[in-house]
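Student: Okay, handing you the structure first.
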Amino acid sequence: MYGIHDFGLYVGTCILLNLTPGQDTFYILGRSMAQGRSAGMASVLGISSGALVHSLAAALGLSAVVAASATAFTVIKFAGAAYLIWLGIRMLLSPKQDNSLVSNAPPASSFGKVYRQGLLTNVLNPKVALFFLAFVPQFIAKDSGNPFAAFILLGLTFVTTGTIWCFFLALFAASLGRHLRERPGFGTWLNRTAGALLVLLGLRLATSK
């Protein structure tokens, strides 16, 4: 369909790539453990939405601009790194948590806010844009009658497999975090750990090439 070839190989590769821990994985684990299932689900949806944006941008050729321009790559990279570090510092400086599960869980109204944060962390990662540009076209025939539709379909496939896996990760991490928060001081420790993790992810992105 649309000139797509070796689709089974593509799906298998997508699953293996999604199982490989990366920045998005650690981001979702950190938010889920520190802030609960709602924040974890919102983070997954935000990350997945960001991947859809990158897929569409690559299909339209916008990612090629980032790939060809060192300046564009650098600007987006540092913007994403600064945003991750800012989120991490906010968590590091958050008020000390007590031992209540309710007080450690994010309010329902924060779902949209956490979603937007996850979306921005992914959209502002130029390496994701370059990944879609380099990986997806390998499974589209040069004589494809509709390469745009083929790119979008393959992009959706990658995002779908990744979203399913990340939901499992978020649920597991949230459950683990809930049990840990029952212990004195662990709510604060989880927030601080998640904040430090975000800062480290931001620094890693800033120093990437």
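Residue numbers start at 1 in each chain; chains themselves are named A, B, ... in the order of the structure tokens; ligands are numbered from 1 in the order shown.
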Set the distance at 9 Å and use only C-alpha atoms: which residues neighbour range 159-170 of chain A once local chain neighbours fewer than 6 positions away are removed? I'd like the list as a VMD selection string.

Tutor: chain A and resid 11 14 to 15 17 to 19 24 to 25 28 to 29 31 to 33 36 to 37 39 to 41 43 to 45 47 to 49 51 to 52 55

Student: Figure out the distance between CA of Phe158 in chain A and CA of Ala42 in chain A, please, to one decimal in Å.

Tutor: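 According to the coordinates, CA of Ala42 in chain A and CA of Phe158 in chain A are separated by 18.8 Å.
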
Student: Figure out the distance between CA of Ile85 in chain A and CA of Leu133 in chain A, please, to one decimal in Å.

Tutor: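 Going from CA of Leu133 in chain A over to CA of Ile85 in chain A covers 26.6 Å.
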
Student: Between A:Tyr2, A:Lys142, A:Gly46, A:Gly80, which has the minimum distance to Phe111 in chain A (counting only C-alpha atoms)?

Tutor: A:Gly46

Student: Tell me, as number ranges by chain, which residues lie within 6 Å of range 116-132 of chain A, counting only C-alpha atoms; anything in the same chain fewer than 2 positions away does not count.

Tutor: A: 43, 46-47, 50, 54, 63, 76-77, 80, 113-114, 134-136

Student: Save out the residues we just selected, N, CA and C atoms, as a tab-separated table (two decimals), in the first residue's frame.

Tutor:
```
chain	number	residue	atom	x	y	z
A	43	SER	N	1.88	12.32	30.37
A	43	SER	CA	3.22	12.39	29.78
A	43	SER	C	3.32	11.52	28.55
A	46	GLY	N	1.47	13.17	25.75
A	46	GLY	CA	2.22	14.33	25.28
A	46	GLY	C	3.41	13.92	24.41
A	47	ILE	N	4.17	12.92	24.87
A	47	ILE	CA	5.31	12.42	24.11
A	47	ILE	C	4.84	11.87	22.76
A	50	GLY	N	3.95	14.59	20.40
A	50	GLY	CA	5.16	15.19	19.87
A	50	GLY	C	5.75	14.36	18.74
A	54	HIS	N	6.52	15.35	14.79
A	54	HIS	CA	7.76	15.10	14.08
A	54	HIS	C	7.53	14.28	12.82
A	63	SER	N	11.73	18.53	8.50
A	63	SER	CA	12.86	17.99	9.24
A	63	SER	C	14.14	18.04	8.43
A	76	ILE	N	17.12	24.54	18.29
A	76	ILE	CA	16.07	23.67	18.81
A	76	ILE	C	16.61	22.81	19.95
A	77	LYS	N	17.85	22.33	19.78
A	77	LYS	CA	18.45	21.48	20.81
A	77	LYS	C	18.57	22.21	22.14
A	80	GLY	N	15.15	22.85	23.77
A	80	GLY	CA	14.64	21.65	24.43
A	80	GLY	C	15.38	21.34	25.71
A	113	LYS	N	-1.70	20.33	31.74
A	113	LYS	CA	-0.40	20.97	31.90
A	113	LYS	C	0.72	19.95	31.71
A	114	VAL	N	0.58	18.77	32.33
A	114	VAL	CA	1.60	17.74	32.19
A	114	VAL	C	1.66	17.25	30.75
A	134	ALA	N	15.46	9.79	8.86
A	134	ALA	CA	16.44	8.79	8.44
A	134	ALA	C	15.86	7.37	8.39
A	135	PHE	N	14.95	7.07	9.32
A	135	PHE	CA	14.47	5.70	9.47
A	135	PHE	C	13.29	5.36	8.56
A	136	VAL	N	12.26	6.17	8.58
A	136	VAL	CA	11.01	5.84	7.88
A	136	VAL	C	11.18	5.70	6.37
```
